[in-house]
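A.B. asks: My structure is in upload_4.pdb, and what it holds is PDB, C-alpha atoms, pLDDT in the B column:
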ATOM      1  CA  MET A1282      36.915 160.865 100.440  1.00 64.00           C
ATOM      2  CA  ALA A1283      39.182 158.876 102.746  1.00 72.00           C
ATOM      3  CA  LYS A1284      41.520 160.917 104.885  1.00 78.00           C
ATOM      4  CA  LYS A1285      45.187 160.203 104.198  1.00 82.00           C
ATOM      5  CA  ILE A1286      47.042 159.196 107.322  1.00 84.00           C
ATOM      6  CA  THR A1287      50.745 159.988 107.493  1.00 82.00           C
ATOM      7  CA  LEU A1288      52.575 157.724 109.894  1.00 81.00           C
ATOM      8  CA  PRO A1289      55.576 159.242 111.667  1.00 83.00           C
ATOM      9  CA  LYS A1290      58.949 157.794 110.702  1.00 85.00           C
ATOM     10  CA  PHE A1291      61.195 156.483 113.427  1.00 83.00           C
ATOM     11  CA  ASP A1292      64.713 155.236 114.057  1.00 85.00           C
ATOM     12  CA  LEU A1293      65.164 151.978 115.945  1.00 87.00           C
ATOM     13  CA  THR A1294      68.451 151.710 117.788  1.00 92.00           C
ATOM     14  CA  ASN A1295      69.695 149.016 120.133  1.00 95.00           C
ATOM     15  CA  ASN A1296      72.162 148.507 122.972  1.00 95.00           C
ATOM     16  CA  ILE A1297      72.930 144.857 122.293  1.00 97.00           C
ATOM     17  CA  ARG A1298      76.651 145.472 121.882  1.00 96.00           C
ATOM     18  CA  THR A1299      76.823 147.216 125.300  1.00 96.00           C
ATOM     19  CA  LEU A1300      74.624 144.592 126.958  1.00 97.00           C
ATOM     20  CA  ARG A1301      76.829 141.804 125.582  1.00 97.00           C
ATOM     21  CA  PHE A1302      79.882 143.553 126.970  1.00 96.00           C
ATOM     22  CA  HIS A1303      78.327 143.823 130.421  1.00 96.00           C
ATOM     23  CA  ALA A1304      77.198 140.185 130.267  1.00 96.00           C
ATOM     24  CA  ASN A1305      80.724 138.883 130.679  1.00 94.00           C
ATOM     25  CA  GLU A1306      81.596 139.816 127.084  1.00 95.00           C
ATOM     26  CA  MET A1307      79.076 137.445 125.640  1.00 97.00           C
ATOM     27  CA  THR A1308      79.842 136.593 122.025  1.00 96.00           C
ATOM     28  CA  GLN A1309      77.379 137.059 119.169  1.00 96.00           C
ATOM     29  CA  GLN A1310      77.311 133.292 118.709  1.00 94.00           C
ATOM     30  CA  GLU A1311      76.425 132.750 122.385  1.00 96.00           C
ATOM     31  CA  LEU A1312      73.571 135.254 122.125  1.00 97.00           C
ATOM     32  CA  ALA A1313      72.434 133.614 118.888  1.00 96.00           C
ATOM     33  CA  ASP A1314      72.386 130.189 120.547  1.00 95.00           C
ATOM     34  CA  LYS A1315      70.435 131.503 123.534  1.00 96.00           C
ATOM     35  CA  THR A1316      67.820 133.195 121.356  1.00 97.00           C
ATOM     36  CA  GLY A1317      67.538 130.450 118.726  1.00 95.00           C
ATOM     37  CA  VAL A1318      68.721 132.431 115.714  1.00 95.00           C
ATOM     38  CA  THR A1319      71.856 132.476 113.577  1.00 92.00           C
ATOM     39  CA  ARG A1320      74.872 134.677 114.332  1.00 92.00           C
ATOM     40  CA  GLN A1321      74.236 136.541 111.065  1.00 91.00           C
ATOM     41  CA  THR A1322      70.826 137.623 112.371  1.00 94.00           C
ATOM     42  CA  ILE A1323      72.389 138.991 115.572  1.00 96.00           C
ATOM     43  CA  VAL A1324      74.972 140.853 113.455  1.00 94.00           C
ATOM     44  CA  ALA A1325      72.202 142.330 111.280  1.00 93.00           C
ATOM     45  CA  ILE A1326      70.208 143.434 114.360  1.00 95.00           C
ATOM     46  CA  GLU A1327      73.261 144.968 116.051  1.00 95.00           C
ATOM     47  CA  ASN A1328      74.099 146.922 112.912  1.00 93.00           C
ATOM     48  CA  GLY A1329      70.516 148.169 112.620  1.00 91.00           C
ATOM     49  CA  LYS A1330      70.009 146.410 109.295  1.00 91.00           C
ATOM     50  CA  TYR A1331      67.217 144.139 110.501  1.00 92.00           C
ATOM     51  CA  SER A1332      64.332 144.795 112.872  1.00 92.00           C
ATOM     52  CA  PRO A1333      63.562 141.608 114.817  1.00 94.00           C
ATOM     53  CA  THR A1334      60.073 140.291 115.493  1.00 95.00           C
ATOM     54  CA  LEU A1335      58.517 141.108 118.844  1.00 95.00           C
ATOM     55  CA  GLU A1336      59.142 137.519 119.958  1.00 96.00           C
ATOM     56  CA  LEU A1337      62.867 137.682 119.224  1.00 97.00           C
ATOM     57  CA  ALA A1338      63.129 141.147 120.787  1.00 96.00           C
ATOM     58  CA  PHE A1339      61.637 139.773 124.035  1.00 97.00           C
ATOM     59  CA  ARG A1340      63.940 136.761 123.900  1.00 97.00           C
ATOM     60  CA  ILE A1341      66.982 139.047 123.636  1.00 97.00           C
ATOM     61  CA  ALA A1342      65.729 141.136 126.570  1.00 97.00           C
ATOM     62  CA  HIS A1343      65.114 137.932 128.547  1.00 97.00           C
ATOM     63  CA  VAL A1344      68.710 136.724 127.958  1.00 97.00           C
ATOM     64  CA  PHE A1345      70.097 139.961 129.427  1.00 97.00           C
ATOM     65  CA  GLU A1346      67.393 140.025 132.137  1.00 96.00           C
ATOM     66  CA  VAL A1347      66.389 143.575 131.263  1.00 97.00           C
ATOM     67  CA  LYS A1348      63.250 145.298 129.962  1.00 96.00           C
ATOM     68  CA  LEU A1349      62.620 145.595 126.236  1.00 95.00           C
ATOM     69  CA  ASP A1350      63.118 149.376 126.515  1.00 94.00           C
ATOM     70  CA  ASP A1351      66.652 148.789 127.751  1.00 95.00           C
ATOM     71  CA  VAL A1352      67.524 146.828 124.616  1.00 96.00           C
ATOM     72  CA  PHE A1353      65.705 148.763 121.908  1.00 95.00           C
ATOM     73  CA  THR A1354      65.099 152.492 121.705  1.00 93.00           C
ATOM     74  CA  VAL A1355      62.694 154.139 119.337  1.00 89.00           C
ATOM     75  CA  LYS A1356      63.141 157.756 118.329  1.00 86.00           C
ATOM     76  CA  PHE A1357      60.298 159.280 116.352  1.00 85.00           C
ATOM     77  CA  ASN A1358      61.267 161.857 113.739  1.00 80.00           C
ATOM     78  CA  LYS A1359      59.248 165.064 113.524  1.00 69.00           C
TER
ATOM     79  CA  MET B 614      80.442 135.148 103.952  1.00 80.00           C
ATOM     80  CA  SER B 615      77.848 132.950 105.671  1.00 82.00           C
ATOM     81  CA  THR B 616      77.203 129.370 104.575  1.00 85.00           C
ATOM     82  CA  LYS B 617      73.701 130.418 103.464  1.00 86.00           C
ATOM     83  CA  GLU B 618      75.227 132.908 101.001  1.00 89.00           C
ATOM     84  CA  LYS B 619      77.758 130.341  99.781  1.00 90.00           C
ATOM     85  CA  GLU B 620      74.968 127.802  99.319  1.00 91.00           C
ATOM     86  CA  THR B 621      72.908 130.278  97.287  1.00 92.00           C
ATOM     87  CA  ILE B 622      75.902 131.058  95.055  1.00 94.00           C
ATOM     88  CA  VAL B 623      76.476 127.322  94.499  1.00 94.00           C
ATOM     89  CA  THR B 624      72.779 126.880  93.643  1.00 93.00           C
ATOM     90  CA  LEU B 625      72.969 129.760  91.152  1.00 94.00           C
ATOM     91  CA  ILE B 626      76.114 128.531  89.415  1.00 95.00           C
ATOM     92  CA  SER B 627      74.887 124.937  89.302  1.00 94.00           C
ATOM     93  CA  ALA B 628      71.512 126.057  87.879  1.00 94.00           C
ATOM     94  CA  ILE B 629      73.316 127.858  85.042  1.00 95.00           C
ATOM     95  CA  VAL B 630      75.681 124.932  84.380  1.00 95.00           C
ATOM     96  CA  ILE B 631      72.952 122.259  84.512  1.00 95.00           C
ATOM     97  CA  MET B 632      70.641 124.271  82.256  1.00 94.00           C
ATOM     98  CA  GLY B 633      73.481 124.916  79.795  1.00 95.00           C
ATOM     99  CA  LEU B 634      74.553 121.264  79.676  1.00 95.00           C
ATOM    100  CA  TYR B 635      70.994 119.979  79.395  1.00 95.00           C
ATOM    101  CA  SER B 636      70.182 122.424  76.563  1.00 94.00           C
ATOM    102  CA  LEU B 637      73.347 121.342  74.754  1.00 94.00           C
ATOM    103  CA  TYR B 638      72.438 117.662  75.245  1.00 93.00           C
ATOM    104  CA  VAL B 639      68.921 118.181  73.855  1.00 91.00           C
ATOM    105  CA  TYR B 640      70.264 120.143  70.887  1.00 91.00           C
ATOM    106  CA  GLN B 641      73.039 117.647  70.058  1.00 90.00           C
ATOM    107  CA  ASN B 642      70.867 114.529  70.383  1.00 87.00           C
ATOM    108  CA  TYR B 643      67.516 115.653  68.995  1.00 87.00           C
ATOM    109  CA  LEU B 644      67.291 119.079  67.372  1.00 85.00           C
ATOM    110  CA  LYS B 645      70.535 118.806  65.385  1.00 84.00           C
ATOM    111  CA  GLU B 646      69.215 115.676  63.680  1.00 83.00           C
ATOM    112  CA  ASP B 647      65.677 116.845  63.051  1.00 85.00           C
ATOM    113  CA  TRP B 648      64.909 120.549  63.396  1.00 86.00           C
ATOM    114  CA  THR B 649      61.175 119.989  62.726  1.00 86.00           C
ATOM    115  CA  LEU B 650      60.929 118.600  66.295  1.00 86.00           C
ATOM    116  CA  ILE B 651      60.974 122.226  67.490  1.00 87.00           C
ATOM    117  CA  ASN B 652      57.197 122.404  66.995  1.00 86.00           C
ATOM    118  CA  ASP B 653      56.474 118.885  68.246  1.00 89.00           C
ATOM    119  CA  PHE B 654      54.462 118.811  71.495  1.00 91.00           C
ATOM    120  CA  LYS B 655      55.759 115.337  72.426  1.00 91.00           C
ATOM    121  CA  PHE B 656      59.349 116.580  72.140  1.00 91.00           C
ATOM    122  CA  TRP B 657      58.695 119.540  74.445  1.00 92.00           C
ATOM    123  CA  GLY B 658      56.681 117.443  76.908  1.00 93.00           C
ATOM    124  CA  THR B 659      59.497 114.894  77.185  1.00 92.00           C
ATOM    125  CA  THR B 660      62.144 117.646  77.442  1.00 92.00           C
ATOM    126  CA  PHE B 661      60.288 119.315  80.331  1.00 92.00           C
ATOM    127  CA  LEU B 662      59.561 116.046  82.153  1.00 94.00           C
ATOM    128  CA  ILE B 663      63.172 114.847  81.996  1.00 94.00           C
ATOM    129  CA  MET B 664      64.582 118.285  82.860  1.00 93.00           C
ATOM    130  CA  ILE B 665      62.860 118.384  86.285  1.00 93.00           C
ATOM    131  CA  PRO B 666      64.398 115.193  87.817  1.00 95.00           C
ATOM    132  CA  VAL B 667      67.747 115.944  86.141  1.00 94.00           C
ATOM    133  CA  GLN B 668      67.863 119.346  87.855  1.00 93.00           C
ATOM    134  CA  ILE B 669      66.741 118.010  91.246  1.00 94.00           C
ATOM    135  CA  VAL B 670      69.210 115.094  91.307  1.00 95.00           C
ATOM    136  CA  SER B 671      72.096 117.243  89.999  1.00 94.00           C
ATOM    137  CA  GLN B 672      71.420 119.959  92.601  1.00 92.00           C
ATOM    138  CA  ILE B 673      71.391 117.367  95.416  1.00 94.00           C
ATOM    139  CA  ILE B 674      74.695 115.841  94.235  1.00 95.00           C
ATOM    140  CA  ILE B 675      76.317 119.282  93.818  1.00 93.00           C
ATOM    141  CA  HIS B 676      75.205 120.346  97.315  1.00 91.00           C
ATOM    142  CA  ILE B 677      76.577 117.162  98.891  1.00 93.00           C
ATOM    143  CA  ILE B 678      79.909 117.733  97.119  1.00 94.00           C
ATOM    144  CA  PHE B 679      79.887 121.388  98.211  1.00 91.00           C
ATOM    145  CA  ALA B 680      79.171 120.444 101.860  1.00 90.00           C
ATOM    146  CA  ILE B 681      82.112 117.992 101.875  1.00 92.00           C
ATOM    147  CA  PHE B 682      84.416 120.491 100.126  1.00 91.00           C
ATOM    148  CA  ASN B 683      83.364 123.298 102.494  1.00 89.00           C
ATOM    149  CA  LYS B 684      84.014 121.099 105.546  1.00 89.00           C
ATOM    150  CA  ILE B 685      87.506 120.176 104.294  1.00 91.00           C
ATOM    151  CA  VAL B 686      88.510 123.758 103.384  1.00 89.00           C
ATOM    152  CA  THR B 687      86.930 125.819 106.185  1.00 86.00           C
ATOM    153  CA  ASN B 688      86.166 123.126 108.799  1.00 85.00           C
ATOM    154  CA  GLU B 689      82.659 124.612 109.086  1.00 80.00           C
ATOM    155  CA  ASP B 690      79.485 122.528 109.228  1.00 79.00           C
ATOM    156  CA  MET B 691      76.644 123.458 106.895  1.00 78.00           C
ATOM    157  CA  ASP B 692      74.125 125.780 108.506  1.00 76.00           C
ATOM    158  CA  THR B 693      70.933 123.736 108.574  1.00 78.00           C
ATOM    159  CA  MET B 694      69.103 126.089 110.930  1.00 82.00           C
ATOM    160  CA  SER B 695      66.646 128.542 109.431  1.00 89.00           C
ATOM    161  CA  ASP B 696      65.554 131.455 111.630  1.00 92.00           C
ATOM    162  CA  GLU B 697      62.972 134.226 111.152  1.00 95.00           C
ATOM    163  CA  ARG B 698      65.297 136.353 108.993  1.00 94.00           C
ATOM    164  CA  ASP B 699      66.142 133.395 106.724  1.00 94.00           C
ATOM    165  CA  LYS B 700      62.437 132.667 106.299  1.00 95.00           C
ATOM    166  CA  LEU B 701      61.643 136.294 105.439  1.00 95.00           C
ATOM    167  CA  ILE B 702      64.468 136.395 102.873  1.00 95.00           C
ATOM    168  CA  GLU B 703      63.225 133.096 101.429  1.00 95.00           C
ATOM    169  CA  LEU B 704      59.673 134.457 101.179  1.00 96.00           C
ATOM    170  CA  LYS B 705      60.826 137.670  99.497  1.00 96.00           C
ATOM    171  CA  SER B 706      62.915 135.797  96.917  1.00 96.00           C
ATOM    172  CA  ILE B 707      60.071 133.313  96.240  1.00 97.00           C
ATOM    173  CA  ARG B 708      57.736 136.266  95.628  1.00 97.00           C
ATOM    174  CA  ILE B 709      60.183 137.694  93.076  1.00 97.00           C
ATOM    175  CA  ALA B 710      60.451 134.280  91.350  1.00 97.00           C
ATOM    176  CA  HIS B 711      56.666 133.997  91.321  1.00 97.00           C
ATOM    177  CA  TRP B 712      56.213 137.396  89.618  1.00 97.00           C
ATOM    178  CA  ILE B 713      58.854 136.653  86.995  1.00 97.00           C
ATOM    179  CA  PHE B 714      57.357 133.259  86.208  1.00 96.00           C
ATOM    180  CA  THR B 715      53.868 134.794  86.016  1.00 97.00           C
ATOM    181  CA  GLY B 716      55.292 137.277  83.482  1.00 97.00           C
ATOM    182  CA  GLY B 717      56.725 134.311  81.569  1.00 97.00           C
ATOM    183  CA  PHE B 718      53.408 132.500  81.580  1.00 97.00           C
ATOM    184  CA  LEU B 719      51.621 135.576  80.230  1.00 98.00           C
ATOM    185  CA  THR B 720      54.320 135.975  77.557  1.00 97.00           C
ATOM    186  CA  ALA B 721      53.908 132.300  76.598  1.00 97.00           C
ATOM    187  CA  MET B 722      50.147 132.680  76.264  1.00 97.00           C
ATOM    188  CA  THR B 723      50.587 135.910  74.272  1.00 97.00           C
ATOM    189  CA  THR B 724      52.807 134.133  71.740  1.00 96.00           C
ATOM    190  CA  GLN B 725      49.925 131.755  71.025  1.00 95.00           C
ATOM    191  CA  ALA B 726      47.289 134.481  71.053  1.00 97.00           C
ATOM    192  CA  VAL B 727      49.117 136.394  68.332  1.00 96.00           C
ATOM    193  CA  GLY B 728      49.537 133.247  66.243  1.00 94.00           C
ATOM    194  CA  MET B 729      53.215 132.403  66.786  1.00 95.00           C
ATOM    195  CA  GLU B 730      54.461 128.824  66.485  1.00 93.00           C
ATOM    196  CA  PRO B 731      54.263 126.427  69.487  1.00 92.00           C
ATOM    197  CA  TRP B 732      58.021 126.522  70.134  1.00 93.00           C
ATOM    198  CA  ALA B 733      57.711 130.187  71.133  1.00 94.00           C
ATOM    199  CA  MET B 734      55.407 129.253  74.033  1.00 95.00           C
ATOM    200  CA  PHE B 735      57.697 126.482  75.335  1.00 94.00           C
ATOM    201  CA  ALA B 736      60.812 128.582  74.872  1.00 93.00           C
ATOM    202  CA  SER B 737      59.163 131.412  76.850  1.00 96.00           C
ATOM    203  CA  LEU B 738      58.240 129.041  79.681  1.00 95.00           C
ATOM    204  CA  ILE B 739      61.765 127.593  79.908  1.00 94.00           C
ATOM    205  CA  THR B 740      63.465 131.005  79.600  1.00 95.00           C
ATOM    206  CA  PHE B 741      61.318 132.691  82.240  1.00 96.00           C
ATOM    207  CA  GLY B 742      61.499 129.641  84.529  1.00 94.00           C
ATOM    208  CA  PHE B 743      65.285 129.804  84.324  1.00 95.00           C
ATOM    209  CA  LEU B 744      65.303 133.609  84.755  1.00 96.00           C
ATOM    210  CA  SER B 745      63.073 133.402  87.824  1.00 96.00           C
ATOM    211  CA  ALA B 746      65.511 130.952  89.462  1.00 95.00           C
ATOM    212  CA  ILE B 747      68.524 133.142  88.655  1.00 96.00           C
ATOM    213  CA  ILE B 748      66.962 136.452  89.693  1.00 96.00           C
ATOM    214  CA  SER B 749      65.438 135.081  92.907  1.00 96.00           C
ATOM    215  CA  GLY B 750      68.818 133.550  93.831  1.00 95.00           C
ATOM    216  CA  SER B 751      70.566 136.848  93.137  1.00 96.00           C
ATOM    217  CA  ALA B 752      67.932 138.693  95.194  1.00 96.00           C
ATOM    218  CA  LYS B 753      68.540 136.270  98.062  1.00 95.00           C
ATOM    219  CA  ILE B 754      72.260 137.056  98.027  1.00 94.00           C
ATOM    220  CA  TYR B 755      71.434 140.790  97.904  1.00 95.00           C
ATOM    221  CA  PHE B 756      69.083 140.505 100.909  1.00 94.00           C
ATOM    222  CA  TYR B 757      71.648 138.535 102.917  1.00 92.00           C
ATOM    223  CA  ARG B 758      74.296 141.166 102.112  1.00 90.00           C
ATOM    224  CA  ARG B 759      71.996 144.079 102.961  1.00 89.00           C
ATOM    225  CA  GLY B 760      70.914 142.479 106.225  1.00 82.00           C
ATOM    226  CA  PHE B 761      67.322 141.957 105.150  1.00 76.00           C
TER
END
Let me see whether you can do it: turn the structure in this file into structure tokens.
C.D. replies:
Amino acid sequence: MAKKITLPKFDLTNNIRTLRFHANEMTQQELADKTGVTRQTIVAIENGKYSPTLELAFRIAHVFEVKLDDVFTVKFNK
Amino acid sequence: MSTKEKETIVTLISAIVIMGLYSLYVYQNYLKEDWTLINDFKFWGTTFLIMIPVQIVSQIIIHIIFAIFNKIVTNEDMDTMSDERDKLIELKSIRIAHWIFTGGFLTAMTTQAVGMEPWAMFASLITFGFLSAIISGSAKIYFYRRGF
């Protein structure tokens, strides 16, 4: 019988709002233009409603010239 | 509200209006005169074939009018860009439409398997085709509102 694997749940949070503030108060539209997505997608990511693809996550990190860990934080629940 | 959401609402409303007007036209011009046409395969074939271009052309015209109206009222250009989130929402709503239409197809075949008249099959196909468009559009709006 196959063993059932239980994957741990996690919360994905982000610091995009803070990073935008420190980047000369970059607007959501400016970030959207630089990453090639719509402003609504940036809003959804900032509010934690949408988890971006790895590609977009790296693009966001690249815009702020920081590591991916500095943009997104994962907290595993016990 | 984003232009994508507005566009979806316009598509939904226009789908309902076009379907309503077309059904009324078919009833007034054909079925009212001769109700026996309801089981005529040629009648249903023609109705389906004409309905497709009518819907496509009407939707294009309505969207052009909406784009002009939206530009005048809000001074916003239509959002032609489609990013990864838009594509995922589109895929999810298409999957919903696909399942509903599959249900409709099975219902249509069941009507014939149990010996119902031909009109039941065509009516099932049209009804579920229409329902799949409405429900997938509504799901799209829901996904845009929820974030994904």
A.B. asks: Extract, using all atoms listed in the file, all DNA, RNA and protein residues at most 12 Å from B:Leu704, discarding same-chain residues fewer than 2 positions from it, and format them as a PyMOL selection string.
C.D. replies: chain B and resi 697-702+706-711+749-750+752-753+756+761
A.B. asks: Ranking A:Lys1284, A:Val1318, A:Asp1351, A:Ser1332 by minimum distance to chain B and counting only C-alpha atoms, which one comes first?
C.D. replies: A:Val1318
A.B. asks: Looking at all atoms listed in the file, which of A:Arg1340, A:Arg1298, A:Arg1320, A:Lys1348 is the one that sits closest to chain B?
C.D. replies: A:Arg1320
A.B. asks: Could you check which of A:Leu1349, A:Met1307, A:Ile1297, A:Leu1335 is closest to chain B, using only C-alpha atoms?
C.D. replies: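 Distance minimum relative to chain B lands on A:Leu1335.
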A.B. asks: Using the chain letters and numbers from the file, give me the residues hit by the ChimeraX specification (/A :<10) & /B, as a list in words.
C.D. replies: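 With the shown file as input, the ChimeraX specification (/A :<10) & /B matches Met614, Ser615, Lys617, Asp692, Met694, Ser695, Asp696, Glu697, Arg698, Asp699, Tyr757, Arg758, Arg759, Gly760 and Phe761 of chain B.
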A.B. asks: Please indicate the distance in Å from atom CA of B:Phe741 to atom CA of B:Gly717, rounded to one decimal place.
C.D. replies: 4.9 Å
A.B. asks: If the PyMOL selection byres ((chain B and resi 633-642) around 12) is run on the structure shown, which residues does it catch, given as a ChimeraX atom specification?
C.D. replies: /B:626-632,643-648,650-651,656-657,659-661,663-668,671,736,739-740,743
A.B. asks: What does the distance between atom CA of B:Glu620 and atom CA of A:Asp1314 come to in Å, to one decimal place?
C.D. replies: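 One can read the atom CA of B:Glu620 to atom CA of A:Asp1314 distance as 21.5 Å.
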A.B. asks: Do you have the atom CA of B:Leu719-atom CA of B:Ile622 distance handy?
C.D. replies: 28.8 Å
A.B. asks: Around stretch 753-760 of chain B, with edges along x, y and z and 4 Å added on all six sides, what centre and edge lengths do you get, in Å to one decimal, as AutoDock Vina command-line options?
C.D. replies:
--center_x 71.4 --center_y 140.2 --center_z 102.1 --size_x 13.8 --size_y 15.8 --size_z 16.3
A.B. asks: Spell out the residues picked by the PyMOL selection byres ((chain A and resi 1356) around 7) here, as a PyMOL selection string.
C.D. replies: chain A and resi 1291-1293+1354-1355+1357-1358
A.B. asks: Could you save the residues just selected, with C-alpha atoms, as a CSV table (one decimal), in the frame of the given file?
C.D. replies:
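The resulting file, out36.csv, is shown below:
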chain,number,residue,atom,x,y,z
A,1291,PHE,CA,61.2,156.5,113.4
A,1292,ASP,CA,64.7,155.2,114.1
A,1293,LEU,CA,65.2,152.0,115.9
A,1354,THR,CA,65.1,152.5,121.7
A,1355,VAL,CA,62.7,154.1,119.3
A,1357,PHE,CA,60.3,159.3,116.4
A,1358,ASN,CA,61.3,161.9,113.7
